[in-house]
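Note: the block below is query-v2.tsv and it holds TSV, C-alpha atoms.
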chain	number	residue	atom	x	y	z
J	3	MET	CA	0.00	0.00	0.00
J	4	SER	CA	1.32	3.44	-0.93
J	5	ALA	CA	2.33	5.68	1.95
J	6	ALA	CA	2.00	8.87	-0.10
J	7	PRO	CA	-1.16	10.98	-0.34
J	8	PRO	CA	-2.77	10.91	-3.79
J	9	SER	CA	-1.74	13.71	-6.11
J	10	LEU	CA	-4.46	16.26	-6.81
J	11	LEU	CA	-4.17	18.72	-9.67
J	12	GLY	CA	-5.45	22.27	-9.36
J	13	GLU	CA	-4.39	25.79	-8.45
J	14	SER	CA	-7.67	27.68	-8.22
J	15	PRO	CA	-8.26	29.53	-4.93
J	16	ALA	CA	-11.33	27.46	-4.06
J	17	PHE	CA	-9.50	24.18	-4.62
J	18	LEU	CA	-6.37	25.26	-2.74
J	19	ALA	CA	-8.55	26.39	0.17
J	20	ALA	CA	-10.14	22.92	0.32
J	21	LEU	CA	-6.70	21.25	0.28
J	22	GLY	CA	-5.55	23.56	3.06
J	23	HIS	CA	-8.58	22.54	5.10
J	24	VAL	CA	-7.69	18.87	4.54
J	25	SER	CA	-4.10	19.44	5.68
J	26	ARG	CA	-5.29	21.11	8.89
J	27	VAL	CA	-7.80	18.43	9.86
J	28	ALA	CA	-5.86	15.34	8.71
J	29	PRO	CA	-3.61	15.01	11.81
J	30	LEU	CA	-6.57	15.16	14.20
J	31	GLU	CA	-7.88	11.85	15.53
J	32	ARG	CA	-11.49	12.78	14.82
J	33	PRO	CA	-14.20	11.82	12.30
J	34	VAL	CA	-14.55	13.96	9.17
J	35	LEU	CA	-17.29	14.38	6.58
J	36	VAL	CA	-16.39	15.11	2.96
J	37	ILE	CA	-19.22	16.79	1.08
J	38	GLY	CA	-19.34	17.45	-2.64
J	39	GLU	CA	-21.17	16.90	-5.89
J	40	ARG	CA	-20.63	13.68	-7.84
J	41	GLY	CA	-17.26	13.55	-9.54
J	42	THR	CA	-15.52	16.10	-7.32
J	43	GLY	CA	-13.00	13.61	-5.91
J	44	LYS	CA	-14.39	12.80	-2.46
J	45	GLU	CA	-12.60	9.44	-2.31
J	46	LEU	CA	-9.26	11.07	-3.20
J	47	ILE	CA	-9.77	13.60	-0.42
J	48	ALA	CA	-10.59	10.80	2.04
J	49	ALA	CA	-7.37	9.03	1.05
J	50	ARG	CA	-5.46	12.29	1.52
J	51	LEU	CA	-6.93	12.65	5.02
J	52	HIS	CA	-5.67	9.15	5.81
J	53	TYR	CA	-2.15	9.46	4.37
J	54	LEU	CA	-1.54	12.84	6.00
J	55	SER	CA	-2.56	11.45	9.41
J	56	GLN	CA	-0.65	9.44	12.01
J	57	ARG	CA	-2.46	6.37	10.65
J	58	TRP	CA	-0.76	6.61	7.23
J	59	ASP	CA	0.92	3.18	7.60
J	60	ARG	CA	-2.26	1.43	8.75
J	61	PRO	CA	-5.19	0.14	6.63
J	62	PHE	CA	-7.34	2.49	4.55
J	63	VAL	CA	-10.58	0.55	4.04
J	64	LYS	CA	-13.34	1.73	1.69
J	65	VAL	CA	-17.05	0.83	1.73
J	66	ASN	CA	-19.70	2.14	-0.68
J	67	CYS	CA	-22.87	2.19	1.43
J	68	ALA	CA	-25.08	2.63	-1.64
J	69	ALA	CA	-23.79	-0.51	-3.36
J	70	LEU	CA	-25.25	-3.03	-0.89
J	71	PRO	CA	-28.72	-3.72	0.55
J	72	GLU	CA	-29.15	-3.25	4.30
J	73	SER	CA	-28.58	-6.89	5.31
J	74	LEU	CA	-25.40	-7.23	3.26
J	75	LEU	CA	-24.08	-3.83	4.31
J	76	ASP	CA	-24.54	-4.78	7.96
J	77	SER	CA	-22.56	-7.99	7.44
J	78	GLU	CA	-19.95	-6.23	5.28
J	79	LEU	CA	-19.31	-3.54	7.88
J	80	PHE	CA	-19.57	-5.53	11.10
J	81	GLY	CA	-18.84	-9.08	9.96
J	82	HIS	CA	-20.72	-12.21	11.00
J	83	GLU	CA	-20.26	-15.48	12.80
J	84	ALA	CA	-20.59	-18.87	11.17
J	85	GLY	CA	-24.26	-19.86	11.07
J	86	ALA	CA	-25.52	-16.30	11.67
J	87	PHE	CA	-27.73	-16.63	8.58
J	88	THR	CA	-28.30	-18.93	5.63
J	89	GLY	CA	-25.08	-19.26	3.66
J	90	ALA	CA	-22.81	-18.01	6.46
J	91	THR	CA	-20.59	-21.10	6.60
J	92	ARG	CA	-17.67	-19.41	8.36
J	93	ARG	CA	-16.80	-16.33	10.38
J	94	GLN	CA	-16.25	-13.17	8.37
J	95	ILE	CA	-14.30	-10.21	9.70
J	96	GLY	CA	-16.10	-6.98	8.79
J	97	ARG	CA	-14.60	-3.92	7.14
J	98	ILE	CA	-14.56	-2.00	10.42
J	99	GLU	CA	-12.38	-4.65	12.07
J	100	GLN	CA	-10.20	-4.76	8.94
J	101	ALA	CA	-9.63	-1.01	9.38
J	102	ASP	CA	-8.57	-1.40	13.03
J	103	GLY	CA	-5.82	1.12	13.70
J	104	GLY	CA	-6.46	2.87	10.41
J	105	THR	CA	-9.20	4.73	8.56
J	106	LEU	CA	-12.63	3.58	7.40
J	107	PHE	CA	-14.02	5.49	4.42
J	108	LEU	CA	-17.82	5.30	4.16
J	109	ASP	CA	-18.85	6.56	0.75
J	110	GLU	CA	-22.51	7.55	0.19
J	111	ILE	CA	-23.06	7.39	3.93
J	112	ALA	CA	-26.46	9.10	3.59
J	113	THR	CA	-27.87	5.89	2.07
J	114	ALA	CA	-27.16	3.73	5.15
J	115	SER	CA	-30.31	2.37	6.79
J	116	PRO	CA	-31.42	3.50	10.29
J	117	ALA	CA	-30.34	0.14	11.75
J	118	VAL	CA	-26.86	0.41	10.25
J	119	GLN	CA	-26.64	4.05	11.38
J	120	GLU	CA	-27.41	3.01	14.94
J	121	LYS	CA	-24.61	0.44	14.95
J	122	LEU	CA	-22.25	2.93	13.32
J	123	LEU	CA	-22.97	5.42	16.09
J	124	ARG	CA	-21.82	2.91	18.69
J	125	ALA	CA	-18.69	2.15	16.69
J	126	VAL	CA	-17.81	5.84	16.32
J	127	GLU	CA	-18.78	6.81	19.89
J	128	TYR	CA	-17.42	3.88	21.87
J	129	GLY	CA	-15.22	1.92	19.43
J	130	GLU	CA	-17.46	-1.12	19.85
J	131	ILE	CA	-18.97	-3.33	17.15
J	132	GLU	CA	-21.06	-6.45	17.23
J	133	ARG	CA	-20.75	-9.07	14.52
J	134	VAL	CA	-24.00	-10.41	13.12
J	135	GLY	CA	-24.86	-13.34	15.35
J	136	GLY	CA	-21.72	-12.86	17.41
J	137	ARG	CA	-19.90	-11.12	20.21
J	138	THR	CA	-18.89	-7.52	20.80
J	139	ALA	CA	-15.41	-6.45	19.72
J	140	THR	CA	-13.40	-3.28	20.34
J	141	VAL	CA	-11.81	-1.40	17.46
J	142	ASP	CA	-9.74	1.75	16.96
J	143	VAL	CA	-10.94	3.29	13.70
J	144	ARG	CA	-11.09	6.82	12.34
J	145	VAL	CA	-14.24	7.26	10.23
J	146	VAL	CA	-14.37	9.48	7.16
J	147	GLY	CA	-17.81	9.74	5.58
J	148	ALA	CA	-18.69	11.17	2.18
J	149	THR	CA	-21.91	12.17	0.47
J	150	ASN	CA	-23.43	14.60	-2.00
J	151	ALA	CA	-26.58	14.88	0.13
J	152	ASP	CA	-27.60	17.63	2.54
J	153	LEU	CA	-27.12	15.70	5.78
J	154	PRO	CA	-28.46	18.42	8.13
J	155	ALA	CA	-31.65	18.56	6.04
J	156	LEU	CA	-31.95	14.76	6.16
J	157	ALA	CA	-31.44	14.81	9.92
J	158	ALA	CA	-34.09	17.51	10.33
J	159	THR	CA	-36.64	15.28	8.58
J	160	GLY	CA	-35.61	12.12	10.44
J	161	ARG	CA	-33.97	10.43	7.47
J	162	PHE	CA	-30.50	10.50	9.03
J	163	ARG	CA	-29.70	10.09	12.71
J	164	ALA	CA	-29.01	13.50	14.22
J	165	ASP	CA	-26.79	12.00	16.93
J	166	LEU	CA	-24.67	10.18	14.34
J	167	LEU	CA	-24.38	13.38	12.31
J	168	ASP	CA	-23.26	15.24	15.44
J	169	ARG	CA	-20.54	12.66	16.01
J	170	LEU	CA	-19.33	12.48	12.41
J	171	ALA	CA	-19.34	16.21	11.79
J	172	PHE	CA	-16.38	17.09	14.00
J	173	ASP	CA	-15.19	18.80	10.82
J	174	VAL	CA	-16.64	19.01	7.34
J	175	VAL	CA	-14.61	19.44	4.15
J	176	THR	CA	-16.79	20.76	1.31
J	177	LEU	CA	-15.31	20.38	-2.17
J	178	PRO	CA	-15.87	23.03	-4.86
J	179	PRO	CA	-17.48	21.89	-8.13
J	180	LEU	CA	-15.41	22.16	-11.30
J	181	ARG	CA	-17.45	25.15	-12.53
J	182	ALA	CA	-16.15	27.08	-9.50
J	183	ARG	CA	-12.54	26.43	-10.55
J	184	PRO	CA	-12.48	27.21	-14.30
J	185	ASP	CA	-8.73	27.91	-14.37
J	186	ASP	CA	-8.12	24.27	-13.46
J	187	ILE	CA	-9.94	22.90	-16.52
J	188	PRO	CA	-7.09	23.28	-19.09
J	189	PRO	CA	-4.37	21.64	-16.94
J	190	LEU	CA	-6.74	18.86	-15.88
J	191	ALA	CA	-7.72	18.26	-19.51
J	192	GLU	CA	-4.06	18.15	-20.53
J	193	HIS	CA	-3.31	15.69	-17.72
J	194	PHE	CA	-6.13	13.35	-18.76
J	195	ALA	CA	-5.22	13.64	-22.45
J	196	LEU	CA	-1.58	12.69	-21.78
J	197	GLY	CA	-2.70	9.72	-19.70
J	198	MET	CA	-4.93	8.48	-22.53
J	199	VAL	CA	-2.15	8.96	-25.08
J	200	ARG	CA	0.15	6.79	-22.95
J	201	GLU	CA	-2.57	4.16	-22.62
J	202	LEU	CA	-2.99	4.12	-26.42
J	203	GLN	CA	0.81	3.93	-26.81
J	204	ARG	CA	0.92	6.96	-29.06
J	205	PRO	CA	4.23	8.85	-29.30
J	206	LEU	CA	2.84	12.29	-28.39
J	207	PHE	CA	-0.21	14.44	-27.77
J	208	PRO	CA	-0.41	17.31	-30.29
J	209	GLY	CA	-2.50	19.46	-27.93
J	210	PHE	CA	-5.92	21.08	-28.07
J	211	THR	CA	-7.09	23.64	-30.59
J	212	ALA	CA	-8.32	26.98	-29.27
J	213	ALA	CA	-11.88	25.99	-30.17
J	214	ALA	CA	-11.59	22.75	-28.20
J	215	LEU	CA	-10.30	24.57	-25.12
J	216	ASP	CA	-13.12	27.11	-25.45
J	217	ARG	CA	-15.64	24.30	-25.50
J	218	LEU	CA	-14.08	22.62	-22.47
J	219	CYS	CA	-14.01	25.86	-20.51
J	220	GLY	CA	-17.56	26.80	-21.56
J	221	HIS	CA	-19.21	23.58	-20.37
J	222	ASP	CA	-20.94	23.45	-16.96
J	223	TRP	CA	-19.57	19.97	-16.06
J	224	PRO	CA	-22.42	18.69	-13.89
J	225	GLY	CA	-20.39	15.49	-13.46
J	226	ASN	CA	-17.32	17.56	-12.47
J	227	VAL	CA	-13.80	16.13	-12.80
J	228	ARG	CA	-15.03	12.62	-13.59
J	229	GLU	CA	-17.11	13.94	-16.48
J	230	LEU	CA	-14.18	16.03	-17.74
J	231	ARG	CA	-11.91	12.99	-17.67
J	232	ASN	CA	-14.39	10.87	-19.62
J	233	ALA	CA	-14.95	13.60	-22.21
J	234	VAL	CA	-11.23	14.19	-22.77
J	235	GLU	CA	-10.30	10.52	-22.90
J	236	ARG	CA	-13.05	9.57	-25.36
J	237	SER	CA	-12.20	12.58	-27.52
J	238	VAL	CA	-8.52	11.67	-27.60
J	239	ALA	CA	-9.33	8.06	-28.47
J	240	ALA	CA	-11.52	9.16	-31.41
J	241	ALA	CA	-9.15	11.87	-32.72
J	242	ASP	CA	-6.46	11.85	-35.40
J	243	PRO	CA	-3.27	11.24	-33.38
J	244	ASP	CA	-1.25	13.56	-35.65
J	245	GLU	CA	-3.54	16.59	-35.46
J	246	PRO	CA	-4.40	18.89	-32.54
J	247	LEU	CA	-7.58	17.75	-30.85
J	248	ASP	CA	-10.46	19.91	-32.10
J	249	HIS	CA	-13.65	17.91	-31.54
J	250	ILE	CA	-14.70	17.37	-27.91
J	251	VAL	CA	-17.26	14.60	-27.47
J	252	LEU	CA	-19.22	15.91	-24.50
J	253	ASP	CA	-22.28	13.72	-24.98
J	254	PRO	CA	-21.52	10.11	-26.00
J	255	PHE	CA	-25.25	9.58	-26.59
J	256	GLU	CA	-25.46	12.31	-29.24
J	257	SER	CA	-26.55	10.74	-32.52
J	258	PRO	CA	-29.07	11.46	-35.28
J	259	TRP	CA	-30.48	7.99	-34.57
J	260	ARG	CA	-30.80	8.43	-30.82
J	261	PRO	CA	-34.17	7.02	-29.67
J	262	ALA	CA	-36.70	9.58	-28.52
J	263	ALA	CA	-37.22	9.91	-24.78
J	264	THR	CA	-40.15	7.97	-23.37
J	265	PRO	CA	-42.76	10.43	-22.11
J	266	THR	CA	-43.43	10.28	-18.37
J	267	ALA	CA	-46.84	11.96	-18.56
J	268	ARG	CA	-49.62	12.43	-21.10
J	269	PRO	CA	-49.01	15.45	-23.34
J	270	GLU	CA	-52.25	17.05	-22.28
J	271	ALA	CA	-51.23	16.76	-18.62
J	272	VAL	CA	-47.90	18.44	-19.32
J	273	GLN	CA	-49.68	21.16	-21.29
J	274	ALA	CA	-52.08	21.74	-18.40
J	275	ARG	CA	-49.26	22.11	-15.88
J	276	ALA	CA	-47.11	24.48	-17.95
J	277	PRO	CA	-47.59	28.18	-17.14
J	278	ALA	CA	-49.05	30.21	-19.95
J	279	ALA	CA	-46.00	32.47	-20.03
J	280	GLU	CA	-43.81	29.48	-20.93
J	281	GLN	CA	-45.87	28.53	-23.99
J	282	PRO	CA	-44.16	30.17	-27.00
J	283	ALA	CA	-46.62	31.53	-29.51
J	284	PHE	CA	-45.63	31.22	-33.16
J	285	PRO	CA	-47.38	32.94	-36.07
J	286	THR	CA	-49.19	31.14	-38.85
J	287	PHE	CA	-47.59	30.97	-42.27
J	288	ASP	CA	-48.78	30.97	-45.84
J	289	GLY	CA	-47.51	28.68	-48.60
J	290	GLY	CA	-47.09	24.93	-49.01
J	291	ILE	CA	-46.52	22.58	-46.11
J	292	LEU	CA	-42.73	22.42	-46.62
J	293	ASP	CA	-42.46	26.21	-46.59
J	294	GLN	CA	-44.62	26.34	-43.46
J	295	VAL	CA	-42.51	23.73	-41.68
J	296	ARG	CA	-39.31	25.56	-42.58
J	297	ALA	CA	-40.69	28.92	-41.41
J	298	PHE	CA	-42.02	27.40	-38.19
J	299	GLU	CA	-38.63	25.76	-37.48
J	300	ALA	CA	-36.80	29.05	-38.08
J	301	ALA	CA	-39.20	30.93	-35.79
J	302	MET	CA	-38.82	28.32	-33.07
J	303	LEU	CA	-35.02	28.51	-33.27
J	304	ARG	CA	-35.07	32.31	-33.24
J	305	GLU	CA	-37.37	32.42	-30.21
J	306	ALA	CA	-35.24	29.86	-28.32
J	307	LEU	CA	-32.04	31.80	-29.07
J	308	GLU	CA	-33.55	35.03	-27.76
J	309	ARG	CA	-34.94	33.31	-24.67
J	310	ASN	CA	-31.47	31.90	-23.88
J	311	ARG	CA	-29.68	35.18	-24.69
J	312	PHE	CA	-28.04	33.63	-27.76
J	313	ASN	CA	-26.14	31.06	-25.68
J	314	GLN	CA	-26.06	28.18	-28.14
J	315	ARG	CA	-25.31	25.44	-25.61
J	316	GLN	CA	-28.23	26.48	-23.41
J	317	THR	CA	-30.42	26.78	-26.50
J	318	ALA	CA	-29.47	23.27	-27.62
J	319	GLU	CA	-30.33	21.85	-24.18
J	320	ALA	CA	-33.64	23.73	-24.10
J	321	LEU	CA	-34.62	22.28	-27.48
J	322	GLY	CA	-33.40	18.77	-26.70
J	323	LEU	CA	-30.71	18.96	-29.38
J	324	GLY	CA	-27.02	18.22	-29.44
J	325	TYR	CA	-24.76	21.25	-29.79
J	326	HIS	CA	-23.64	20.34	-33.30
J	327	GLN	CA	-27.21	19.53	-34.35
J	328	LEU	CA	-28.24	23.03	-33.29
J	329	ARG	CA	-25.31	24.59	-35.13
J	330	GLY	CA	-26.33	22.78	-38.30
J	331	MET	CA	-29.92	23.99	-38.03
J	332	LEU	CA	-28.83	27.57	-37.32
J	333	LYS	CA	-26.61	27.57	-40.41
J	334	LYS	CA	-29.44	26.09	-42.46
J	335	HIS	CA	-31.71	29.01	-41.53
J	336	GLY	CA	-29.00	31.68	-41.50
J	337	LEU	CA	-29.45	32.27	-37.78
J	338	ILE	CA	-25.85	32.22	-36.54
J	339	PRO	CA	-25.89	35.35	-34.32
J	340	PRO	CA	-23.49	38.18	-35.09
J	341	PRO	CA	-20.34	38.38	-32.90
J	342	GLN	CA	-21.61	41.33	-30.86
J	343	LEU	CA	-24.61	39.26	-29.69
J	344	ARG	CA	-22.71	36.14	-28.77
J	345	PRO	CA	-22.21	35.46	-25.05

Is it possible to give me this structure as structure tokens?
Amino acid sequence: MSAAPPSLLGESPAFLAALGHVSRVAPLERPVLVIGERGTGKELIAARLHYLSQRWDRPFVKVNCAALPESLLDSELFGHEAGAFTGATRRQIGRIEQADGGTLFLDEIATASPAVQEKLLRAVEYGEIERVGGRTATVDVRVVGATNADLPALAATGRFRADLLDRLAFDVVTLPPLRARPDDIPPLAEHFALGMVRELQRPLFPGFTAAALDRLCGHDWPGNVRELRNAVERSVAAADPDEPLDHIVLDPFESPWRPAATPTARPEAVQARAPAAEQPAFPTFDGGILDQVRAFEAAMLREALERNRFNQRQTAEALGLGYHQLRGMLKKHGLIPPPQLRP
């Protein structure tokens, strides 16, 4: 097992502030919660908390609480004795005992059931666990929990134990989303591109074009660093290895043959719920049906552009189109906005 904290790339003020917070809390023998959107690197931060602590040479054990049903999570965390339930042919040491002396990382801790939360509270508070069907054991474990949920709100509504939250939240590290650290996007993209080039055994990476970097920096990245990595790696894999990377594949589902979304409600019900102000009104047109369809399409595009302040990515999302599909339709109707109106 490596004794070095994982390397984390970024120099934005928000990211450096989070790393500074981690460095301050890591040496303390107390539980920590790591909060952040999906893809922000919560597991890497948990590992950093471990390797910067006095427990760096002891086990770092990870459990994804969302990946197992309650009965299996209970057994996975606390272990079980032989014969405790059907199929339990021998004693199993749980993850908490495996982490004795080290750190236990509980990912997606908000999904743990009330029964598991109650047993976790005893483990965190008193260092005691009870195997399923077995005896009580004493352990020395530092717990680091992670989630993208609002734990105080869940505790206020009774969906997460308030006493467990009080015990876990000795300190809380909240990670900034990628959109809050835009200066980190180019170096992260370069890092992921170089890694993919090495994996593909190509001699070099010719870099990004200015248009590609603009597209990377202009995307919202709801999936954060994980989404950025996927987008860069798939784009590198699909690109000409001898030319600078120009086309960024943000949406791997984008295709002219993509199946239409299955409606979740009857059209008339959706129409009834939509406020009148959100129903765009288009004029009627004279001429043959093809001329009318073309004029209607142009009017719809024009109205959507204006409503989204000529931001083409937002317009594409509003119309359920891919970015390049929208660009093609705008060119077809001569609706590419002039430079002074572009965002």

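Nearest residue to J:Arg228, choosing from J:Leu247, J:Leu190, J:Leu321, J:Met198 and counting all atoms listed in the file: J:Leu190.
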
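Here atom CA of J:Pro243 stands at a distance of 10.6 Å from atom CA of J:Gln203.
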
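Considering only C-alpha atoms, the residue among J:Ala318, J:Gly324, J:Asn310, J:Glu72 positioned nearest to J:Trp259 is J:Gly324.
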
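Distance check against J:Ala69 using only C-alpha atoms: of J:Thr113, J:Gly96, J:His23, J:Asp222, the minimum falls on J:Thr113.
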
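Atom CA of J:Val234 lies 12.2 Å from atom CA of J:Cys219.
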
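With atom CA of J:Glu130 on one side and atom CA of J:Arg92 on the other, the separation reads 21.6 Å.
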
Output stretch 129-145 of chain J as an mmCIF file, keeping the file's coordinate frame, making sure N, CA and C atoms are there.
data_model
loop_
_atom_site.group_PDB
_atom_site.id
_atom_site.type_symbol
_atom_site.label_atom_id
_atom_site.label_comp_id
_atom_site.auth_asym_id
_atom_site.auth_seq_id
_atom_site.Cartn_x
_atom_site.Cartn_y
_atom_site.Cartn_z
ATOM 1 N N GLY J 129 -16.196 2.860 20.002
ATOM 2 C CA GLY J 129 -15.220 1.920 19.430
ATOM 3 C C GLY J 129 -15.645 0.480 19.606
ATOM 4 N N GLU J 130 -16.948 0.237 19.670
ATOM 5 C CA GLU J 130 -17.460 -1.120 19.850
ATOM 6 C C GLU J 130 -18.307 -1.535 18.662
ATOM 7 N N ILE J 131 -18.133 -2.770 18.215
ATOM 8 C CA ILE J 131 -18.970 -3.330 17.150
ATOM 9 C C ILE J 131 -19.454 -4.701 17.582
ATOM 10 N N GLU J 132 -20.521 -5.119 16.956
ATOM 11 C CA GLU J 132 -21.060 -6.450 17.230
ATOM 12 C C GLU J 132 -21.273 -7.166 15.911
ATOM 13 N N ARG J 133 -20.560 -8.277 15.738
ATOM 14 C CA ARG J 133 -20.750 -9.070 14.520
ATOM 15 C C ARG J 133 -22.163 -9.621 14.482
ATOM 16 N N VAL J 134 -22.677 -9.807 13.269
ATOM 17 C CA VAL J 134 -24.000 -10.410 13.120
ATOM 18 C C VAL J 134 -23.969 -11.811 13.705
ATOM 19 N N GLY J 135 -24.819 -12.039 14.708
ATOM 20 C CA GLY J 135 -24.860 -13.340 15.350
ATOM 21 C C GLY J 135 -23.676 -13.629 16.248
ATOM 22 N N GLY J 136 -22.940 -12.592 16.657
ATOM 23 C CA GLY J 136 -21.720 -12.860 17.410
ATOM 24 C C GLY J 136 -21.507 -11.926 18.576
ATOM 25 N N ARG J 137 -20.267 -11.860 19.003
ATOM 26 C CA ARG J 137 -19.900 -11.120 20.210
ATOM 27 C C ARG J 137 -19.506 -9.689 19.877
ATOM 28 N N THR J 138 -19.340 -8.901 20.935
ATOM 29 C CA THR J 138 -18.890 -7.520 20.800
ATOM 30 C C THR J 138 -17.371 -7.478 20.731
ATOM 31 N N ALA J 139 -16.862 -6.628 19.846
ATOM 32 C CA ALA J 139 -15.410 -6.450 19.720
ATOM 33 C C ALA J 139 -15.085 -4.970 19.823
ATOM 34 N N THR J 140 -13.866 -4.665 20.217
ATOM 35 C CA THR J 140 -13.400 -3.280 20.340
ATOM 36 C C THR J 140 -12.452 -2.963 19.196
ATOM 37 N N VAL J 141 -12.649 -1.795 18.583
ATOM 38 C CA VAL J 141 -11.810 -1.400 17.460
ATOM 39 C C VAL J 141 -11.369 0.060 17.630
ATOM 40 N N ASP J 142 -10.263 0.381 16.987
ATOM 41 C CA ASP J 142 -9.740 1.750 16.960
ATOM 42 C C ASP J 142 -9.733 2.204 15.507
ATOM 43 N N VAL J 143 -10.767 2.924 15.113
ATOM 44 C CA VAL J 143 -10.940 3.290 13.700
ATOM 45 C C VAL J 143 -11.298 4.766 13.605
ATOM 46 N N ARG J 144 -10.677 5.455 12.669
ATOM 47 C CA ARG J 144 -11.090 6.820 12.340
ATOM 48 C C ARG J 144 -12.058 6.725 11.149
ATOM 49 N N VAL J 145 -13.215 7.334 11.272
ATOM 50 C CA VAL J 145 -14.240 7.260 10.230
ATOM 51 C C VAL J 145 -14.243 8.550 9.412
#
